[in-house]
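Peer 1: Contents are PDB, C-alpha atoms, pLDDT in the B column; file name work-v3.pdb:
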```pdb
MODEL        1
ATOM      1  CA  MET A  22    -148.671 -80.858 -99.770  1.00 45.00           C
ATOM      2  CA  THR A  23    -152.234 -81.650-100.730  1.00 56.00           C
ATOM      3  CA  ASP A  24    -155.142 -80.016 -98.991  1.00 67.00           C
ATOM      4  CA  ALA A  25    -156.957 -81.771 -96.185  1.00 77.00           C
ATOM      5  CA  PRO A  26    -160.222 -83.619 -96.817  1.00 83.00           C
ATOM      6  CA  ALA A  27    -163.521 -81.822 -96.438  1.00 88.00           C
ATOM      7  CA  VAL A  28    -164.854 -81.283 -92.918  1.00 90.00           C
ATOM      8  CA  THR A  29    -167.730 -79.486 -91.238  1.00 91.00           C
ATOM      9  CA  TYR A  30    -167.170 -78.592 -87.598  1.00 92.00           C
ATOM     10  CA  PRO A  31    -169.404 -76.975 -84.943  1.00 93.00           C
ATOM     11  CA  VAL A  32    -168.116 -73.715 -83.441  1.00 93.00           C
ATOM     12  CA  GLY A  33    -169.600 -71.425 -80.822  1.00 87.00           C
ATOM     13  CA  ARG A  34    -170.418 -71.363 -77.122  1.00 84.00           C
ATOM     14  CA  THR A  35    -169.161 -74.155 -74.906  1.00 82.00           C
ATOM     15  CA  ARG A  36    -168.975 -74.690 -71.184  1.00 85.00           C
ATOM     16  CA  ALA A  37    -165.168 -74.543 -71.290  1.00 86.00           C
ATOM     17  CA  LEU A  38    -165.312 -71.144 -73.019  1.00 86.00           C
ATOM     18  CA  ALA A  39    -167.663 -69.840 -70.322  1.00 86.00           C
ATOM     19  CA  LEU A  40    -165.274 -71.060 -67.626  1.00 88.00           C
ATOM     20  CA  LEU A  41    -162.282 -69.531 -69.428  1.00 87.00           C
ATOM     21  CA  LEU A  42    -163.948 -66.127 -69.802  1.00 86.00           C
ATOM     22  CA  ALA A  43    -165.196 -66.153 -66.211  1.00 90.00           C
ATOM     23  CA  GLY A  44    -161.699 -67.133 -65.050  1.00 91.00           C
ATOM     24  CA  LEU A  45    -160.144 -64.254 -66.980  1.00 88.00           C
ATOM     25  CA  TRP A  46    -162.562 -61.782 -65.450  1.00 89.00           C
ATOM     26  CA  LEU A  47    -162.086 -63.216 -61.965  1.00 91.00           C
ATOM     27  CA  ALA A  48    -158.297 -62.968 -62.292  1.00 89.00           C
ATOM     28  CA  GLY A  49    -158.704 -59.296 -63.223  1.00 85.00           C
ATOM     29  CA  ALA A  50    -161.054 -58.743 -60.289  1.00 84.00           C
ATOM     30  CA  LEU A  51    -158.600 -60.332 -57.860  1.00 87.00           C
ATOM     31  CA  LEU A  52    -155.748 -58.233 -59.249  1.00 82.00           C
ATOM     32  CA  THR A  53    -157.886 -55.105 -58.898  1.00 77.00           C
ATOM     33  CA  LEU A  54    -158.674 -55.951 -55.272  1.00 76.00           C
ATOM     34  CA  ALA A  55    -155.007 -56.678 -54.558  1.00 76.00           C
ATOM     35  CA  LEU A  56    -153.989 -53.303 -56.006  1.00 71.00           C
ATOM     36  CA  TRP A  57    -156.794 -51.574 -54.140  1.00 68.00           C
ATOM     37  CA  TRP A  58    -155.745 -52.963 -50.772  1.00 69.00           C
ATOM     38  CA  MET A  59    -151.966 -52.643 -51.121  1.00 67.00           C
ATOM     39  CA  PRO A  60    -150.726 -50.762 -48.051  1.00 62.00           C
ATOM     40  CA  ARG A  61    -147.924 -48.884 -49.826  1.00 58.00           C
ATOM     41  CA  ALA A  62    -149.925 -47.721 -52.833  1.00 56.00           C
ATOM     42  CA  PRO A  63    -153.399 -46.661 -51.717  1.00 55.00           C
ATOM     43  CA  LEU A  64    -155.645 -46.263 -54.711  1.00 55.00           C
ATOM     44  CA  GLY A  65    -158.392 -43.908 -53.781  1.00 57.00           C
ATOM     45  CA  GLY A  66    -160.280 -41.372 -55.787  1.00 59.00           C
ATOM     46  CA  LEU A  67    -159.550 -41.277 -59.500  1.00 57.00           C
ATOM     47  CA  ALA A  68    -157.096 -44.209 -59.626  1.00 63.00           C
ATOM     48  CA  GLY A  69    -159.514 -46.497 -57.785  1.00 64.00           C
ATOM     49  CA  GLY A  70    -162.346 -45.419 -60.050  1.00 70.00           C
ATOM     50  CA  LEU A  71    -160.229 -46.193 -63.112  1.00 75.00           C
ATOM     51  CA  LEU A  72    -159.496 -49.674 -61.798  1.00 74.00           C
ATOM     52  CA  VAL A  73    -163.161 -50.386 -61.132  1.00 76.00           C
ATOM     53  CA  GLY A  74    -164.107 -48.871 -64.499  1.00 82.00           C
ATOM     54  CA  SER A  75    -161.589 -51.067 -66.311  1.00 81.00           C
ATOM     55  CA  LEU A  76    -162.941 -54.117 -64.487  1.00 82.00           C
ATOM     56  CA  VAL A  77    -166.487 -53.274 -65.583  1.00 85.00           C
ATOM     57  CA  ALA A  78    -165.338 -52.594 -69.166  1.00 88.00           C
ATOM     58  CA  THR A  79    -163.436 -55.886 -69.277  1.00 87.00           C
ATOM     59  CA  GLY A  80    -166.498 -57.744 -68.017  1.00 87.00           C
ATOM     60  CA  ALA A  81    -168.650 -56.092 -70.671  1.00 89.00           C
ATOM     61  CA  ALA A  82    -166.157 -56.992 -73.418  1.00 87.00           C
ATOM     62  CA  LEU A  83    -165.972 -60.626 -72.283  1.00 87.00           C
ATOM     63  CA  LEU A  84    -169.762 -60.821 -72.102  1.00 87.00           C
ATOM     64  CA  GLY A  85    -169.993 -59.323 -75.606  1.00 85.00           C
ATOM     65  CA  PHE A  86    -167.565 -61.947 -76.898  1.00 83.00           C
ATOM     66  CA  TRP A  87    -169.621 -64.690 -75.221  1.00 81.00           C
ATOM     67  CA  ARG A  88    -172.833 -63.417 -76.804  1.00 83.00           C
ATOM     68  CA  SER A  89    -171.223 -63.295 -80.255  1.00 81.00           C
ATOM     69  CA  GLN A  90    -170.510 -67.027 -80.062  1.00 82.00           C
ATOM     70  CA  SER A  91    -173.722 -68.338 -81.574  1.00 85.00           C
ATOM     71  CA  ALA A  92    -173.979 -71.895 -82.864  1.00 87.00           C
ATOM     72  CA  ARG A  93    -172.376 -72.110 -86.302  1.00 90.00           C
ATOM     73  CA  ARG A  94    -170.642 -74.705 -88.435  1.00 93.00           C
ATOM     74  CA  LEU A  95    -167.239 -74.030 -89.970  1.00 93.00           C
ATOM     75  CA  ILE A  96    -166.919 -75.681 -93.378  1.00 92.00           C
ATOM     76  CA  TRP A  97    -163.835 -76.727 -95.321  1.00 91.00           C
ATOM     77  CA  ASN A  98    -164.898 -78.243 -98.637  1.00 88.00           C
ATOM     78  CA  GLY A  99    -161.387 -79.184 -99.736  1.00 85.00           C
ATOM     79  CA  ALA A 100    -160.878 -75.968-101.688  1.00 85.00           C
ATOM     80  CA  CYS A 101    -162.312 -73.082 -99.655  1.00 88.00           C
ATOM     81  CA  TRP A 102    -163.721 -72.138 -96.266  1.00 91.00           C
ATOM     82  CA  GLY A 103    -167.307 -71.347 -95.436  1.00 90.00           C
ATOM     83  CA  LEU A 104    -169.678 -70.837 -92.547  1.00 91.00           C
ATOM     84  CA  ARG A 105    -173.188 -72.139 -91.913  1.00 89.00           C
ATOM     85  CA  GLU A 106    -175.334 -69.986 -89.642  1.00 86.00           C
ATOM     86  CA  GLY A 107    -178.722 -71.629 -89.118  1.00 74.00           C
ATOM     87  CA  THR A 108    -179.916 -72.497 -92.612  1.00 68.00           C
ATOM     88  CA  VAL A 109    -177.721 -69.935 -94.385  1.00 68.00           C
ATOM     89  CA  GLU A 110    -174.428 -71.187 -95.756  1.00 70.00           C
ATOM     90  CA  SER A 111    -171.778 -68.981 -97.306  1.00 76.00           C
ATOM     91  CA  THR A 112    -168.515 -70.115 -98.862  1.00 74.00           C
ATOM     92  CA  GLY A 113    -166.064 -68.275-101.007  1.00 73.00           C
ATOM     93  CA  ASP A 114    -162.662 -68.494-102.541  1.00 74.00           C
ATOM     94  CA  GLU A 115    -161.595 -65.269-100.815  1.00 83.00           C
ATOM     95  CA  VAL A 116    -162.558 -66.403 -97.272  1.00 87.00           C
ATOM     96  CA  ARG A 117    -159.621 -66.790 -94.880  1.00 89.00           C
ATOM     97  CA  VAL A 118    -159.400 -68.472 -91.475  1.00 91.00           C
ATOM     98  CA  GLU A 119    -156.591 -67.639 -89.044  1.00 92.00           C
ATOM     99  CA  VAL A 120    -155.626 -69.603 -85.951  1.00 92.00           C
ATOM    100  CA  TRP A 121    -155.034 -67.036 -83.199  1.00 91.00           C
ATOM    101  CA  LEU A 122    -154.845 -69.410 -80.255  1.00 89.00           C
ATOM    102  CA  ASP A 123    -154.141 -73.126 -80.340  1.00 91.00           C
ATOM    103  CA  ALA A 124    -154.598 -74.801 -76.966  1.00 89.00           C
ATOM    104  CA  GLN A 125    -154.515 -78.304 -78.531  1.00 90.00           C
ATOM    105  CA  ARG A 126    -158.066 -79.136 -77.379  1.00 93.00           C
ATOM    106  CA  ALA A 127    -159.487 -75.693 -78.237  1.00 92.00           C
ATOM    107  CA  LEU A 128    -158.913 -73.108 -80.964  1.00 93.00           C
ATOM    108  CA  LEU A 129    -159.645 -69.402 -81.242  1.00 91.00           C
ATOM    109  CA  LEU A 130    -160.150 -68.645 -84.930  1.00 93.00           C
ATOM    110  CA  ARG A 131    -160.576 -65.422 -86.885  1.00 92.00           C
ATOM    111  CA  TYR A 132    -162.900 -65.904 -89.856  1.00 91.00           C
ATOM    112  CA  HIS A 133    -162.501 -63.223 -92.495  1.00 90.00           C
ATOM    113  CA  ASP A 134    -165.000 -63.000 -95.334  1.00 88.00           C
ATOM    114  CA  PRO A 135    -164.641 -59.828 -97.454  1.00 86.00           C
ATOM    115  CA  ARG A 136    -168.432 -59.761 -97.892  1.00 86.00           C
ATOM    116  CA  ARG A 137    -168.831 -59.155 -94.142  1.00 84.00           C
ATOM    117  CA  ALA A 138    -168.272 -55.796 -92.494  1.00 86.00           C
ATOM    118  CA  ARG A 139    -166.047 -57.303 -89.765  1.00 89.00           C
ATOM    119  CA  PRO A 140    -164.209 -60.560 -89.179  1.00 90.00           C
ATOM    120  CA  LEU A 141    -165.839 -63.112 -86.884  1.00 89.00           C
ATOM    121  CA  TRP A 142    -164.137 -64.703 -83.889  1.00 90.00           C
ATOM    122  CA  LEU A 143    -164.955 -68.393 -83.631  1.00 92.00           C
ATOM    123  CA  TRP A 144    -164.333 -70.808 -80.759  1.00 92.00           C
ATOM    124  CA  ALA A 145    -163.767 -74.457 -81.668  1.00 93.00           C
ATOM    125  CA  GLN A 146    -163.366 -77.172 -79.072  1.00 93.00           C
ATOM    126  CA  ALA A 147    -162.380 -80.827 -79.455  1.00 92.00           C
ATOM    127  CA  SER A 148    -165.248 -82.074 -77.294  1.00 90.00           C
ATOM    128  CA  SER A 149    -167.799 -80.601 -79.739  1.00 89.00           C
ATOM    129  CA  ASP A 150    -167.038 -83.348 -82.284  1.00 91.00           C
ATOM    130  CA  VAL A 151    -164.177 -85.612 -81.225  1.00 91.00           C
ATOM    131  CA  GLY A 152    -164.282 -87.639 -84.434  1.00 91.00           C
ATOM    132  CA  ARG A 153    -163.703 -84.630 -86.681  1.00 93.00           C
ATOM    133  CA  TRP A 154    -161.309 -82.634 -84.490  1.00 94.00           C
ATOM    134  CA  HIS A 155    -158.231 -84.009 -86.242  1.00 93.00           C
ATOM    135  CA  LEU A 156    -159.743 -83.263 -89.662  1.00 92.00           C
ATOM    136  CA  LEU A 157    -160.403 -79.646 -88.652  1.00 93.00           C
ATOM    137  CA  ARG A 158    -156.834 -79.209 -87.427  1.00 93.00           C
ATOM    138  CA  CYS A 159    -155.493 -80.768 -90.640  1.00 91.00           C
ATOM    139  CA  ALA A 160    -157.594 -78.380 -92.723  1.00 90.00           C
ATOM    140  CA  LEU A 161    -156.443 -75.371 -90.717  1.00 91.00           C
ATOM    141  CA  TYR A 162    -152.749 -76.246 -90.832  1.00 88.00           C
ATOM    142  CA  SER A 163    -152.441 -77.655 -94.354  1.00 84.00           C
ATOM    143  CA  SER A 164    -154.765 -75.342 -96.247  1.00 70.00           C
ATOM    144  CA  GLY A 165    -153.352 -72.441 -98.202  1.00 68.00           C
ATOM    145  CA  LYS A 166    -156.601 -70.650 -97.298  1.00 63.00           C
ATOM    146  CA  SER A 167    -155.786 -70.390 -93.604  1.00 67.00           C
ATOM    147  CA  ALA A 168    -152.990 -68.909 -91.559  1.00 64.00           C
ATOM    148  CA  VAL A 169    -151.507 -69.459 -88.146  1.00 67.00           C
ATOM    149  CA  ARG A 170    -150.687 -66.451 -85.985  1.00 63.00           C
ATOM    150  CA  ALA A 171    -147.591 -67.127 -83.943  1.00 55.00           C
ATOM    151  CA  ALA A 172    -145.813 -65.123 -81.303  1.00 49.00           C
ATOM    152  CA  PRO A 173    -142.457 -63.870 -82.527  1.00 47.00           C
ATOM    153  CA  ILE A 174    -139.702 -66.279 -81.631  1.00 46.00           C
ATOM    154  CA  ALA A 175    -136.343 -64.914 -80.609  1.00 48.00           C
ATOM    155  CA  ALA A 176    -133.537 -65.973 -82.876  1.00 49.00           C
ATOM    156  CA  ALA A 177    -131.715 -68.898 -81.391  1.00 50.00           C
ATOM    157  CA  GLU A 178    -128.018 -68.450 -80.823  1.00 55.00           C
ATOM    158  CA  PRO A 179    -125.806 -71.017 -82.519  1.00 56.00           C
ATOM    159  CA  ARG A 180    -124.398 -73.623 -80.177  1.00 53.00           C
ATOM    160  CA  ALA A 181    -120.665 -73.975 -79.779  1.00 52.00           C
TER     161      ALA A 181
ENDMDL
END
```
Represent the structure from my file as structure tokens, please.

Peer 2:
Amino acid sequence: MTDAPAVTYPVGRTRALALLLAGLWLAGALLTLALWWMPRAPLGGLAGGLLVGSLVATGAALLGFWRSQSARRLIWNGACWGLREGTVESTGDEVRVEVWLDAQRALLLRYHDPRRARPLWLWAQASSDVGRWHLLRCALYSSGKSAVRAAPIAAAEPRA
């Protein structure tokens, strides 16, 4: 299979990402309140403090992820991946991009450049550039320079 054509795609903060992160935190908060007020398992003292502490820590982690999503452009030049941050563009043959979550209209990507201390998490959404969304997905799924993380699938039993 030949590689996909070149594409540059905007990644970073979007309204849908903000709603998703807020929804995740809210679901955790509601679960914490439900556990707190369960009549058969009262959570006072240390257990209650741990629940509240985990809720605060989760909120801080989600906020940190949100803040890390600055406006960038993911680049596939037909041979290798790159990233443009402001006016600085870096590409390299050793750069890898992994799809960690594919929600059809949104992608959570892990961008690994060996020249960076840590991998970057990138959020791409179809509404950011509808015309190039298909090209981005083609580049991610047909390129030998990217990978798709999939949940393990149980072996299917043969049918009789």

Peer 1: Which residue gives the smallest distance to A:Val73 among A:Ala127, A:Val116, A:Leu95, A:Ala50, with all atoms listed in the file counted?

Peer 2: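 When distances to A:Val73 are compared using all atoms listed in the file, the smallest one comes from A:Ala50.
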
Peer 1: Run the PyMOL selection byres ((chain A and resi 125) around 10) mentally over the shown coordinates, then write out the matched residues as a list in words, using the chain letters and numbers from the document.

Peer 2: Leu122, Asp123, Ala124, Arg126, Ala127, Leu128, Gln146, Ala147 and Arg158 of chain A

Peer 1: Is there a way to get, as an MDAnalysis selection string, all residues within 9 Å of the point (-161.1, -82.4, -98.3) in file coordinates, counting all atoms listed in the file?

Peer 2: chainID A and resid 24:28 97:100 156 160

Peer 1: Hey, can you check how far atom CA of A:Leu42 sits from atom CA of A:Ser89?

Peer 2: 13.0 Å

Peer 1: Please determine, counting all atoms listed in the file, which residue among A:Cys159, A:Leu104, A:Leu52, A:Ala43 has the shortest atom-to-atom distance to A:Ser75.

Peer 2: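 Of A:Cys159, A:Leu104, A:Leu52, A:Ala43, the one nearest A:Ser75 is A:Leu52, counting all atoms listed in the file.
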
Peer 1: Please write the residues picked by the PyMOL selection byres ((chain A and resi 133) around 7) on this file as a count of residues only.

Peer 2: 9

Peer 1: By how many Å are atom CA of A:Trp154 and atom CA of A:Arg139 apart?

Peer 2: 26.3 Å

Peer 1: Select, from A:Pro31, A:Ala82, A:Ser149, A:Ser164, the residue with the minimum atom-to-atom distance to A:Arg94, counting only C-alpha atoms.

Peer 2: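 Among the listed residues, the smallest separation from A:Arg94 belongs to A:Pro31.
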
Peer 1: Out of A:Ala37, A:Glu115, A:Val32, A:Leu45, which residue has the shortest atom-to-atom distance to A:Trp102 when counting only C-alpha atoms?

Peer 2: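 Looking only at the distances to A:Trp102, the closest residue turns out to be A:Glu115.
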
Peer 1: Counting all atoms listed in the file, which of A:Ala55, A:Leu71, A:Arg34, A:Ala78 gets nearest to A:Trp142?

Peer 2: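 The shortest atom-to-atom distance to A:Trp142 comes from A:Arg34.
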
Peer 1: Please enumerate the residues selected by the PyMOL selection byres ((chain A and resi 86) around 12) when evaluated against the supplied file, formatted as a PyMOL selection string.

Peer 2: chain A and resi 33-34+38-39+41-43+79-85+87-91+129+141-144

Peer 1: Report, in Å to a single decimal, how far apart atom CA of A:Leu130 and atom CA of A:Tyr30 are.

Peer 2: 12.5 Å

Peer 1: I want to know what sits within 9 Å of A:Arg105, based on all atoms listed in the file, with residues of the same chain fewer than 2 positions away left out; could you give that as a ChimeraX atom specification?

Peer 2: /A:93-96,103,107-112

Peer 1: Find the residue from A:Leu51, A:Leu161, A:Val151, A:Arg136 that sits nearest to A:Trp121; use only C-alpha atoms when measuring.

Peer 2: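 That would be A:Leu161, the residue with the smallest distance to A:Trp121.
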